[in-house]
>>> print(open('input-v4.txt').read())   # compact mmCIF, C-alpha atoms
# COMPACT_ATOMS: atom_id res chain seq x y z
CA MET A 115 10.60 -39.45 -27.76
CA SER A 116 10.09 -40.51 -24.20
CA ARG A 117 12.95 -42.36 -22.71
CA ARG A 118 11.56 -45.22 -20.73
CA ARG A 119 13.25 -46.43 -17.65
CA THR A 120 12.11 -49.14 -15.38
CA ALA A 121 12.91 -48.49 -11.80
CA THR A 122 14.82 -51.51 -10.77
CA THR A 123 15.64 -49.91 -7.48
CA SER A 124 12.06 -49.68 -6.39
CA ARG A 125 11.16 -52.01 -3.66
CA ILE A 126 7.85 -53.53 -4.32
CA ALA A 127 4.92 -53.17 -2.11
CA LEU A 128 5.78 -52.61 1.24
CA ALA A 129 4.62 -52.13 4.66
CA LEU A 130 1.03 -52.28 5.55
CA ILE A 131 0.87 -50.47 8.78
CA ALA A 132 -1.88 -50.17 11.25
CA ALA A 133 -3.37 -46.75 11.14
CA ALA A 134 -2.05 -44.14 13.43
CA ILE A 135 -5.16 -42.32 14.40
CA ALA A 136 -4.20 -39.89 17.00
CA THR A 137 -7.22 -37.96 18.01
CA ALA A 138 -10.75 -37.82 19.05
CA THR A 139 -13.26 -39.32 16.67
CA PRO A 140 -11.84 -41.68 14.14
CA ALA A 141 -14.90 -41.86 11.92
CA ALA A 142 -13.63 -44.80 9.97
CA ALA A 143 -10.84 -47.26 10.19
CA GLN A 144 -7.90 -46.18 8.10
CA THR A 145 -4.81 -47.97 6.97
CA VAL A 146 -1.70 -46.62 5.43
CA GLN A 147 0.54 -48.29 2.88
CA ILE A 148 3.98 -47.16 1.81
CA PHE A 149 5.46 -47.41 -1.66
CA ASP A 150 9.14 -46.73 -2.30
CA VAL A 151 10.10 -44.92 -5.49
CA PRO A 152 13.63 -44.66 -6.94
CA SER A 153 16.19 -43.07 -4.66
CA GLY A 154 16.63 -39.42 -5.54
CA ALA A 155 13.25 -39.11 -7.26
CA LYS A 156 12.03 -36.50 -4.74
CA PRO A 157 8.35 -37.01 -5.51
CA HIS A 158 6.78 -33.57 -5.33
CA ASP A 159 3.20 -34.01 -6.49
CA VAL A 160 1.07 -37.08 -7.09
CA SER A 161 -2.10 -37.76 -9.05
CA PRO A 162 -4.46 -40.59 -9.76
CA GLY A 163 -3.54 -41.73 -13.25
CA ALA A 164 -5.14 -43.64 -16.08
CA GLY A 165 -5.86 -47.34 -15.68
CA GLY A 166 -5.66 -47.30 -11.90
CA MET A 167 -2.08 -46.11 -11.93
CA VAL A 168 -0.72 -43.33 -9.75
CA TRP A 169 1.48 -40.69 -11.30
CA TYR A 170 4.03 -38.57 -9.51
CA THR A 171 6.54 -35.94 -10.46
CA ALA A 172 10.08 -37.16 -9.86
CA GLN A 173 11.38 -33.64 -9.47
CA GLY A 174 14.88 -34.78 -8.59
CA GLN A 175 15.22 -36.92 -11.69
CA GLY A 176 13.31 -35.03 -14.37
CA ALA A 177 10.74 -37.74 -14.85
CA LEU A 178 7.11 -38.72 -14.57
CA GLY A 179 6.71 -41.60 -12.18
CA ILE A 180 4.12 -44.30 -12.73
CA LEU A 181 3.18 -46.54 -9.80
CA ASP A 182 0.95 -49.57 -10.04
CA PRO A 183 -0.53 -49.72 -6.55
CA LYS A 184 -1.61 -53.32 -7.04
CA THR A 185 1.91 -54.61 -7.52
CA GLY A 186 4.11 -51.79 -6.27
CA LYS A 187 5.92 -51.70 -9.60
CA VAL A 188 7.33 -48.30 -10.44
CA GLU A 189 8.43 -46.92 -13.78
CA GLN A 190 9.83 -43.50 -14.52
CA VAL A 191 9.52 -41.82 -17.91
CA SER A 192 12.10 -39.17 -18.66
CA LEU A 193 10.68 -35.76 -19.50
CA GLY A 194 13.86 -34.61 -21.23
CA GLU A 195 17.11 -32.83 -20.49
CA GLY A 196 16.67 -30.08 -17.92
CA SER A 197 13.31 -31.27 -16.67
CA ALA A 198 12.31 -30.57 -13.06
CA PRO A 199 8.59 -31.32 -12.83
CA HIS A 200 6.56 -29.84 -10.00
CA GLY A 201 2.89 -30.67 -10.49
CA VAL A 202 0.95 -33.36 -12.29
CA ILE A 203 -2.77 -33.88 -12.83
CA MET A 204 -4.81 -36.14 -15.04
CA GLY A 205 -6.68 -34.19 -17.69
CA PRO A 206 -10.14 -34.90 -19.06
CA ASP A 207 -8.35 -36.55 -21.98
CA GLY A 208 -6.77 -39.12 -19.67
CA ALA A 209 -3.29 -37.71 -20.19
CA ALA A 210 -0.81 -36.51 -17.59
CA TRP A 211 -0.43 -32.71 -17.57
CA ILE A 212 2.76 -31.57 -15.93
CA THR A 213 3.98 -28.18 -14.80
CA ASP A 214 7.69 -28.47 -15.46
CA SER A 215 9.74 -25.69 -13.92
CA GLY A 216 13.00 -26.96 -15.39
CA LEU A 217 11.70 -26.96 -18.95
CA ASN A 218 9.65 -23.80 -18.33
CA ALA A 219 6.90 -25.63 -20.13
CA ILE A 220 3.59 -27.38 -19.71
CA VAL A 221 4.04 -31.02 -20.68
CA ARG A 222 1.33 -33.42 -21.80
CA TRP A 223 2.23 -37.10 -21.62
CA ASP A 224 -0.11 -39.53 -23.32
CA PRO A 225 -0.25 -42.89 -21.52
CA VAL A 226 -1.59 -44.65 -24.61
CA THR A 227 0.94 -43.51 -27.20
CA ARG A 228 3.63 -42.82 -24.58
CA THR A 229 4.53 -39.61 -26.33
CA ARG A 230 4.76 -36.11 -24.94
CA LYS A 231 4.11 -32.61 -26.17
CA ASN A 232 5.52 -29.45 -24.64
CA TRP A 233 4.06 -25.97 -24.59
CA VAL A 234 7.05 -23.77 -23.79
CA LEU A 235 6.35 -20.41 -22.18
CA PRO A 236 7.03 -17.35 -24.34
CA ALA A 237 10.73 -16.47 -24.19
CA ASP A 238 10.14 -13.02 -22.72
CA THR A 239 8.46 -14.59 -19.69
CA GLY A 240 11.78 -15.77 -18.32
CA TYR A 241 11.92 -18.38 -15.61
CA ALA A 242 8.36 -18.75 -14.33
CA ASN A 243 8.95 -21.48 -11.74
CA LEU A 244 5.92 -23.34 -12.99
CA ASN A 245 3.98 -24.76 -10.11
CA THR A 246 0.52 -26.28 -10.35
CA ALA A 247 -2.35 -26.67 -12.83
CA ALA A 248 -6.10 -27.27 -13.02
CA PHE A 249 -8.62 -27.74 -15.81
CA ASP A 250 -11.65 -25.47 -16.09
CA ALA A 251 -15.13 -26.37 -17.30
CA ASP A 252 -14.16 -25.85 -20.93
CA GLY A 253 -11.16 -28.16 -20.89
CA VAL A 254 -8.64 -25.33 -20.69
CA LEU A 255 -5.65 -25.87 -18.44
CA TRP A 256 -4.79 -23.02 -16.08
CA PHE A 257 -1.46 -22.92 -14.32
CA THR A 258 0.60 -20.92 -11.86
CA GLY A 259 4.23 -19.78 -12.01
CA GLN A 260 5.67 -18.89 -8.64
CA SER A 261 7.98 -16.23 -10.05
CA GLY A 262 4.90 -14.09 -10.63
CA PHE A 263 2.73 -15.54 -13.37
CA TYR A 264 -0.35 -17.48 -14.22
CA GLY A 265 -1.50 -18.69 -17.60
CA LYS A 266 -3.41 -21.18 -19.67
CA VAL A 267 -2.96 -23.84 -22.29
CA ASP A 268 -5.91 -24.27 -24.64
CA PRO A 269 -5.47 -27.78 -26.02
CA LYS A 270 -8.03 -27.26 -28.79
CA ALA A 271 -6.35 -24.09 -30.03
CA ASP A 272 -2.90 -25.53 -29.32
CA SER A 273 -1.92 -22.25 -27.65
CA ILE A 274 -0.33 -21.02 -24.46
CA SER A 275 -0.92 -17.64 -22.81
CA VAL A 276 0.78 -16.05 -19.80
CA TRP A 277 -0.12 -13.09 -17.58
CA PRO A 278 1.87 -11.38 -14.82
CA SER A 279 0.11 -11.90 -11.50
CA PRO A 280 -1.38 -8.92 -9.66
CA LYS A 281 1.15 -8.82 -6.82
CA GLY A 282 4.12 -10.38 -8.57
CA ARG A 283 5.81 -13.39 -7.06
CA GLY A 284 3.84 -16.05 -5.26
CA PRO A 285 1.23 -17.89 -7.37
CA TYR A 286 1.25 -21.44 -6.05
CA GLY A 287 -1.73 -23.79 -5.65
CA ILE A 288 -4.63 -23.69 -8.11
CA ASP A 289 -7.93 -25.53 -8.36
CA ALA A 290 -11.25 -25.49 -10.17
CA THR A 291 -14.63 -25.61 -8.46
CA PRO A 292 -17.27 -28.13 -9.55
CA ASP A 293 -18.81 -25.50 -11.83
CA GLY A 294 -15.43 -24.99 -13.49
CA GLU A 295 -14.32 -21.65 -12.05
CA VAL A 296 -10.62 -21.32 -11.34
CA TYR A 297 -8.95 -19.95 -8.21
CA TYR A 298 -5.31 -19.81 -7.20
CA VAL A 299 -3.45 -18.72 -4.08
CA SER A 300 -0.28 -16.68 -3.76
CA LEU A 301 2.26 -17.85 -1.20
CA ALA A 302 4.39 -14.71 -1.26
CA GLY A 303 1.42 -12.45 -2.01
CA SER A 304 -0.77 -13.97 0.72
CA HIS A 305 -4.04 -13.85 -1.16
CA LEU A 306 -6.60 -15.87 -3.03
CA ALA A 307 -7.42 -14.91 -6.62
CA LYS A 308 -10.20 -15.82 -9.02
CA ILE A 309 -9.41 -15.93 -12.71
CA ASP A 310 -11.89 -14.47 -15.15
CA ARG A 311 -11.71 -17.23 -17.72
CA ALA A 312 -13.02 -15.02 -20.50
CA THR A 313 -10.54 -12.18 -20.11
CA GLY A 314 -7.73 -13.86 -18.22
CA GLU A 315 -7.83 -11.20 -15.53
CA ALA A 316 -7.04 -12.37 -12.00
CA LYS A 317 -9.04 -10.65 -9.29
CA MET A 318 -7.54 -10.77 -5.85
CA ILE A 319 -9.69 -11.79 -2.93
CA GLU A 320 -8.03 -10.39 0.13
CA HIS A 321 -7.54 -12.68 3.04
CA PRO A 322 -8.41 -11.45 6.55
CA ALA A 323 -4.94 -12.26 7.89
CA ALA A 324 -2.07 -10.39 6.28
CA GLY A 325 1.08 -12.31 5.50
CA GLN A 326 -0.47 -15.70 6.10
CA GLY A 327 1.28 -17.37 3.17
CA ALA A 328 -1.60 -19.07 1.38
CA ARG A 329 0.09 -22.07 -0.19
CA ARG A 330 -2.46 -24.39 -1.71
CA VAL A 331 -6.20 -24.29 -2.38
CA TRP A 332 -8.81 -26.96 -2.98
CA SER A 333 -12.53 -26.84 -3.65
CA ASP A 334 -15.07 -29.06 -1.94
CA SER A 335 -18.12 -30.51 -3.68
CA LYS A 336 -20.07 -27.28 -3.16
CA GLY A 337 -17.45 -24.92 -4.52
CA ILE A 338 -16.29 -23.81 -1.08
CA LEU A 339 -12.54 -23.21 -1.07
CA TRP A 340 -10.08 -24.52 1.50
CA VAL A 341 -6.70 -22.87 1.86
CA SER A 342 -3.54 -23.98 3.69
CA GLU A 343 -1.60 -21.17 5.35
CA TRP A 344 2.13 -21.84 5.44
CA ASN A 345 3.26 -18.87 7.49
CA THR A 346 0.59 -19.00 10.18
CA GLY A 347 -0.26 -22.70 10.30
CA HIS A 348 -3.98 -22.26 9.76
CA LEU A 349 -6.54 -24.02 7.64
CA ALA A 350 -8.87 -21.45 6.08
CA ARG A 351 -12.26 -21.67 4.39
CA TYR A 352 -13.59 -19.16 1.86
CA THR A 353 -17.20 -19.23 0.76
CA PRO A 354 -17.49 -17.50 -2.63
CA ALA A 355 -21.26 -17.07 -2.39
CA THR A 356 -21.02 -14.96 0.76
CA GLY A 357 -17.44 -13.76 0.76
CA GLU A 358 -16.98 -15.13 4.27
CA TRP A 359 -13.72 -16.48 5.67
CA ALA A 360 -13.21 -18.85 8.58
CA ARG A 361 -9.90 -20.15 9.95
CA TRP A 362 -8.70 -22.89 12.28
CA LYS A 363 -5.23 -23.13 13.77
CA LEU A 364 -3.65 -26.52 13.37
CA PRO A 365 -2.75 -28.20 16.67
CA GLY A 366 0.77 -28.14 18.01
CA GLU A 367 3.36 -25.55 18.91
CA LYS A 368 4.44 -24.37 15.49
CA PRO A 369 2.28 -25.78 12.73
CA ARG A 370 3.09 -25.08 9.09
CA ALA A 371 0.26 -25.98 6.74
CA TYR A 372 1.58 -26.91 3.31
CA ALA A 373 -0.88 -28.97 1.25
CA VAL A 374 -4.67 -29.14 1.35
CA TYR A 375 -7.10 -31.51 -0.35
CA VAL A 376 -10.81 -32.24 -0.02
CA ASP A 377 -11.87 -35.85 -0.53
CA GLU A 378 -15.07 -37.26 -2.02
CA SER A 379 -16.76 -37.08 1.39
CA ASP A 380 -15.81 -33.42 1.78
CA MET A 381 -13.33 -34.32 4.49
CA VAL A 382 -10.44 -31.84 4.40
CA TRP A 383 -6.86 -33.08 4.54
CA VAL A 384 -3.95 -30.82 5.36
CA SER A 385 -0.25 -31.59 5.72
CA ASP A 386 1.60 -30.02 8.65
CA TRP A 387 5.37 -29.83 8.39
CA GLY A 388 5.59 -28.65 11.99
CA ALA A 389 4.15 -31.93 13.27
CA ASN A 390 5.38 -34.12 10.39
CA ALA A 391 1.81 -35.30 9.95
CA THR A 392 -1.20 -35.05 7.71
CA LEU A 393 -4.43 -34.13 9.44
CA ALA A 394 -8.06 -34.79 8.60
CA PHE A 395 -10.50 -31.98 9.37
CA ASP A 396 -14.23 -32.55 9.62
CA PRO A 397 -16.02 -29.40 8.40
CA LYS A 398 -19.24 -30.43 10.17
CA SER A 399 -17.76 -30.65 13.64
CA GLU A 400 -15.02 -28.15 12.77
CA THR A 401 -12.45 -30.37 14.45
CA PHE A 402 -9.32 -32.18 13.43
CA THR A 403 -10.33 -35.81 13.65
CA ALA A 404 -7.24 -37.75 12.64
CA SER A 405 -3.51 -37.38 12.34
CA ILE A 406 -1.44 -39.56 10.04
CA PRO A 407 2.25 -39.28 10.95
CA GLY A 408 4.94 -39.27 8.31
CA SER A 409 6.57 -42.65 7.75
CA LYS A 410 9.85 -41.17 8.98
CA PRO A 411 10.83 -37.81 10.51
CA GLY A 412 10.69 -34.85 8.13
CA ALA A 413 8.56 -36.48 5.44
CA ASN A 414 7.82 -33.11 3.78
CA VAL A 415 4.43 -33.81 2.22
CA ARG A 416 4.09 -31.04 -0.36
CA GLN A 417 0.82 -32.09 -1.95
CA ILE A 418 -2.22 -34.26 -1.30
CA ILE A 419 -4.69 -35.74 -3.75
CA GLY A 420 -6.88 -38.79 -3.97
CA ARG A 421 -9.69 -40.74 -5.51
CA LYS A 422 -12.58 -42.63 -3.97
CA GLY A 423 -11.36 -44.37 -0.83
CA GLU A 424 -7.76 -43.28 -1.31
CA VAL A 425 -5.72 -40.30 -0.18
CA TRP A 426 -2.17 -40.09 -1.53
CA LEU A 427 0.69 -38.33 0.23
CA PRO A 428 4.03 -37.92 -1.55
CA GLU A 429 6.82 -37.95 1.01
CA SER A 430 9.25 -35.86 -0.97
CA ALA A 431 12.08 -36.14 1.54
CA HIS A 432 12.05 -39.93 1.68
CA ASP A 433 11.32 -41.01 -1.90
CA ARG A 434 8.09 -42.58 -0.80
CA LEU A 435 4.40 -42.37 -1.57
CA MET A 436 1.97 -42.99 1.25
CA LEU A 437 -1.53 -44.27 0.55
CA VAL A 438 -4.19 -43.68 3.18
CA ARG A 439 -7.17 -45.91 2.61
CA THR A 440 -10.31 -44.26 3.91
CA ASP A 441 -12.83 -46.96 3.01
CA ARG A 442 -11.72 -49.68 5.39
CA MET B 84 7.34 -3.74 -19.81
CA ILE B 85 5.06 -4.32 -16.86
CA LEU B 86 6.83 -7.55 -16.12
CA ALA B 87 10.24 -5.95 -16.31
CA ALA B 88 9.10 -3.24 -13.92
CA LEU B 89 7.78 -5.81 -11.46
CA LEU B 90 10.98 -7.78 -11.55
CA LEU B 91 13.16 -4.79 -11.08
CA ALA B 92 11.03 -3.52 -8.22
CA ALA B 93 11.19 -6.89 -6.53
CA ALA B 94 14.92 -7.13 -6.95
CA ALA B 95 15.04 -3.87 -5.02
CA ALA B 96 18.56 -3.00 -6.05
CA SER B 97 18.01 -1.96 -9.67
CA PRO B 98 20.60 -4.39 -10.99
CA ALA B 99 21.45 -4.79 -14.62
CA PRO B 100 18.56 -6.30 -16.54
CA ASP B 101 20.36 -9.57 -17.15
CA ALA B 102 21.06 -9.97 -13.44
CA ALA B 103 17.42 -9.21 -12.68
CA ARG B 104 16.42 -11.89 -15.14
CA THR B 105 18.77 -14.32 -13.41
CA PHE B 106 17.37 -13.41 -10.00
CA GLN B 107 14.00 -14.49 -11.38
CA LYS B 108 15.24 -18.00 -10.54
CA CYS B 109 15.28 -17.08 -6.85
CA ILE B 110 12.48 -14.56 -6.61
CA SER B 111 9.71 -17.01 -5.76
CA CYS B 112 11.11 -17.46 -2.28
CA HIS B 113 13.78 -14.81 -1.70
CA SER B 114 14.18 -11.06 -1.70
CA LEU B 115 17.13 -8.71 -1.66
CA ASP B 116 15.18 -6.48 0.70
CA PRO B 117 15.61 -7.31 4.41
CA GLU B 118 12.23 -5.75 5.14
CA GLU B 119 10.41 -8.46 3.23
CA MET B 120 9.85 -11.08 5.90
CA ASP B 121 6.80 -13.08 4.77
CA LEU B 122 8.54 -15.01 2.03
CA PRO B 123 9.26 -18.75 2.12
CA GLY B 124 13.01 -18.09 2.21
CA PRO B 125 15.21 -15.54 4.02
CA HIS B 126 16.41 -12.36 2.33
CA LEU B 127 19.74 -12.69 0.54
CA LYS B 128 21.24 -9.27 1.12
CA GLY B 129 24.78 -9.82 2.27
CA VAL B 130 24.42 -13.58 2.41
CA LEU B 131 28.03 -14.22 1.40
CA GLY B 132 30.03 -14.27 4.60
CA ARG B 133 26.97 -14.78 6.77
CA ARG B 134 26.69 -17.74 9.11
CA ALA B 135 23.83 -20.00 8.03
CA ALA B 136 20.42 -19.54 9.62
CA THR B 137 21.13 -16.18 11.22
CA VAL B 138 18.62 -13.79 9.65
CA PRO B 139 16.69 -12.58 12.70
CA ASP B 140 13.08 -13.74 13.04
CA PHE B 141 13.19 -16.06 10.06
CA GLY B 142 11.77 -19.54 10.66
CA TYR B 143 14.63 -21.76 9.58
CA SER B 144 14.43 -25.52 9.44
CA GLU B 145 16.13 -27.46 12.20
CA ALA B 146 18.54 -28.71 9.55
CA LEU B 147 19.82 -25.25 8.68
CA GLN B 148 19.85 -24.15 12.31
CA LYS B 149 22.01 -27.15 13.09
CA ALA B 150 24.30 -26.40 10.16
CA GLY B 151 24.66 -22.79 11.25
CA ALA B 152 25.34 -23.79 14.83
CA GLY B 153 27.96 -26.15 13.50
CA GLY B 154 29.79 -23.30 11.85
CA LEU B 155 28.45 -23.27 8.29
CA VAL B 156 29.21 -19.92 6.68
CA TRP B 157 27.94 -19.05 3.23
CA THR B 158 30.83 -18.62 0.82
CA ARG B 159 30.97 -19.00 -2.92
CA GLU B 160 31.97 -22.61 -2.33
CA THR B 161 29.37 -23.57 0.26
CA LEU B 162 26.58 -21.62 -1.40
CA GLY B 163 27.52 -23.19 -4.73
CA LYS B 164 27.24 -26.67 -3.23
CA PHE B 165 23.93 -25.71 -1.65
CA LEU B 166 22.59 -24.50 -4.97
CA ASP B 167 23.73 -27.73 -6.61
CA ASN B 168 22.05 -29.86 -3.98
CA PRO B 169 20.67 -28.34 -0.77
CA GLU B 170 20.50 -31.75 0.90
CA SER B 171 24.25 -32.18 0.55
CA ILE B 172 24.83 -29.24 2.87
CA ALA B 173 21.84 -29.44 5.18
CA PRO B 174 19.98 -32.75 5.07
CA GLY B 175 16.35 -32.07 5.90
CA THR B 176 16.37 -28.46 4.75
CA MET B 177 13.03 -27.11 3.58
CA MET B 178 14.64 -25.61 0.50
CA ALA B 179 13.68 -27.49 -2.63
CA LYS B 180 16.30 -28.09 -5.28
CA PRO B 181 16.70 -24.75 -7.03
CA PRO B 182 16.71 -24.30 -10.80
CA ARG B 183 19.93 -24.79 -12.67
CA THR B 184 22.23 -21.80 -12.95
CA THR B 185 25.30 -21.41 -15.13
CA PRO B 186 28.63 -20.23 -13.69
CA GLN B 187 27.98 -16.82 -15.25
CA GLU B 188 24.54 -16.65 -13.67
CA ARG B 189 26.00 -17.60 -10.30
CA GLU B 190 28.46 -14.74 -10.53
CA GLN B 191 25.57 -12.42 -11.34
CA LEU B 192 23.71 -13.68 -8.28
CA TYR B 193 26.72 -13.35 -5.99
CA GLY B 194 27.13 -9.83 -7.24
CA LEU B 195 23.51 -9.06 -6.43
CA PHE B 196 23.81 -10.54 -2.97
CA SER B 197 26.84 -8.38 -2.28
CA THR B 198 25.48 -5.13 -3.61
CA ALA B 199 21.86 -5.20 -2.54
CA GLU B 200 20.92 -2.04 -0.75
>>> encode(input="input-v4.txt", output="structure tokens")
Amino acid sequence: MSRRRTATTSRIALALIAAAIATATPAAAQTVQIFDVPSGAKPHDVSPGAGGMVWYTAQGQGALGILDPKTGKVEQVSLGEGSAPHGVIMGPDGAAWITDSGLNAIVRWDPVTRTRKNWVLPADTGYANLNTAAFDADGVLWFTGQSGFYGKVDPKADSISVWPSPKGRGPYGIDATPDGEVYYVSLAGSHLAKIDRATGEAKMIEHPAAGQGARRVWSDSKGILWVSEWNTGHLARYTPATGEWARWKLPGEKPRAYAVYVDESDMVWVSDWGANATLAFDPKSETFTASIPGSKPGANVRQIIGRKGEVWLPESAHDRLMLVRTDR
Amino acid sequence: MILAALLLAAAAASPAPDAARTFQKCISCHSLDPEEMDLPGPHLKGVLGRRAATVPDFGYSEALQKAGAGGLVWTRETLGKFLDNPESIAPGTMMAKPPRTTPQEREQLYGLFSTAE
């Protein structure tokens, strides 16, 4: 049973701030809007949800957060004792799929029935530090566990499988390309890997820079992969068809690239903890074209995702979600 | 078996299997081997008794640097509070809230930190 809790502490719809476009060619006017979530929620990841809602993982409170961007109303649904959710995505079934490191389980929460189902990792796996998930072309959910694992949940077969990752600890961000292939990156292992969906084998794709700390990965509309490098502060591009890599250093003295996301226009967004900002990168001009500062110092944006005209930035340090509107 | 071997190798100190299993809660970001420098967190060899933010060449947050400069030393008490809630010790630290650990597991971890070779 889900325990429902309405967030009375949430302040409703908040500041509409003029865009802070810092650099050269602001291709379009952008505005940002801030939404407060309950104090202590520590929103880690965010996802467009069913019915126009926005979901987030309230890692600090063991809950799935549900924001109505039209009204600013926030609700949090408890995921159970011990929960510490990291990632959330919306599945092809319209449900929220959550990588819950505290429960050591993949959690599906159905927004229609408001019920949840857990797939707990096999006991001999131990603590996997479940991280992030993505659906492949066949509707199978693939996930990473930062302690050194990756795995899948097959909803049709109602099964969960886990494999040790090739270089042990590190599997972090994961994404599927438009044709449904699945790639993940290893933060501690500093590599990109492609999962053979038939066998479950992960094949490492070595990165040209050792020790770069590949943290998250996202595919563009053509299946080209973009990688954020935590240790070196680069944005990297890998083209599977040719095997070619390209890299761009983020501006500033000591950039640290955490999250990466590619929007519907193939604009690349990357959060930089060094500058406390999220940057837009235009692949055509190969330049950083905009910088959206955190709403307060040390916003710690750990993930980026969006939907048409919207880019969402969870400010984990400040219990806030930032919406960047890209269609105005 | 492969998994157990990986964990033990990563723990570097060949601890008892139950301690290695407990260290699995830290292993994503930390090592017991000072030579491993490309991880998100600093190595934990000898951390008890160490002033905060003093592993050479590790990129600490300003928050932990400030705490270390202010005299924070990692003891069972301060490390315990940090593990309960990192923000309570160093507001603004990059360390996310770690997984829950029981008192017995904490003792296992402190033992590992002390004995790591």
>>> residues_around(input="input-v4.txt", residues="stretch 172-188 of chain B", least_positions_apart="2", cutoff="7 Å", atoms="all atoms listed in the file", output="PyMOL selection string")
(chain A and resi 216+412) or (chain B and resi 105+108+144+146-147+150+165-166+168-170+190-192)
>>> closest_atom_pairs(input="input-v4.txt", of="chain B", to="chain A", cutoff="6 Å", atoms="all atoms listed in the file", output="CSV")
residue,atom,partner,partner_atom,distance
B:Ile110,CA,A:Ser261,CA,5.9
B:Ser111,CA,A:Ser261,CA,4.7
B:Asp121,CA,A:Gly325,CA,5.8
B:Leu122,CA,A:Ala302,CA,5.3
>>> atom_distance(input="input-v4.txt", atom1="atom CA of A:Tyr298", atom2="atom CA of A:Ser399")
26.6 Å
>>> closest_residue(input="input-v4.txt", among="A:Pro225, A:Ala177, A:Gly287, A:Pro292", to="A:Ala164", atoms="only C-alpha atoms")
A:Pro225
>>> atom_distance(input="input-v4.txt", atom1="atom CA of A:Thr171", atom2="atom CA of A:Gly253")
22.0 Å
>>> residues_around(input="input-v4.txt", residues="B:His113", least_positions_apart="5", cutoff="7 Å", atoms="all atoms listed in the file", output="PDB file with C-alpha atoms, in the coordinates of the input")
ATOM      1  CA  LEU B 122       8.540 -15.010   2.030  1.00  0.00           C
ATOM      2  CA  GLY B 124      13.010 -18.090   2.210  1.00  0.00           C
ATOM      3  CA  PRO B 125      15.210 -15.540   4.020  1.00  0.00           C
ATOM      4  CA  HIS B 126      16.410 -12.360   2.330  1.00  0.00           C
ATOM      5  CA  LEU B 127      19.740 -12.690   0.540  1.00  0.00           C
TER       6      LEU B 127
END
>>> atom_distance(input="input-v4.txt", atom1="atom CA of A:Asp252", atom2="atom CA of A:Thr291")
12.5 Å
>>> closest_residue(input="input-v4.txt", among="A:Thr346, A:Asn245, A:Trp332, A:Ile419", to="A:Met204", atoms="only C-alpha atoms")
A:Ile419
>>> residues_around(input="input-v4.txt", residues="A:Val168", least_positions_apart="4", cutoff="12 Å", atoms="all atoms listed in the file", output="number ranges by chain")
A: 149, 151, 157, 159-164, 178-190, 202-204, 210, 225, 419-421, 424-428, 435-437
>>> residues_around(input="input-v4.txt", residues="B:Arg133", least_positions_apart="4", cutoff="10 Å", atoms="all atoms listed in the file", output="compact mmCIF listing (two decimals) with C-alpha atoms, in the frame of the given file")
# COMPACT_ATOMS: atom_id res chain seq x y z
CA LEU B 127 19.74 -12.69 0.54
CA LYS B 128 21.24 -9.27 1.12
CA GLY B 129 24.78 -9.82 2.27
CA THR B 137 21.13 -16.18 11.22
CA VAL B 138 18.62 -13.79 9.65
CA GLY B 151 24.66 -22.79 11.25
CA LEU B 155 28.45 -23.27 8.29
CA VAL B 156 29.21 -19.92 6.68
CA TRP B 157 27.94 -19.05 3.23
CA THR B 158 30.83 -18.62 0.82
>>> residues_around(input="input-v4.txt", residues="A:Trp211", least_positions_apart="3", cutoff="10 Å", atoms="only C-alpha atoms", output="JSON, numbers by chain")
{"A": [201, 202, 203, 204, 205, 207, 208, 214, 220, 221, 222, 223, 224, 230, 231, 232, 246, 247, 248, 249, 255]}
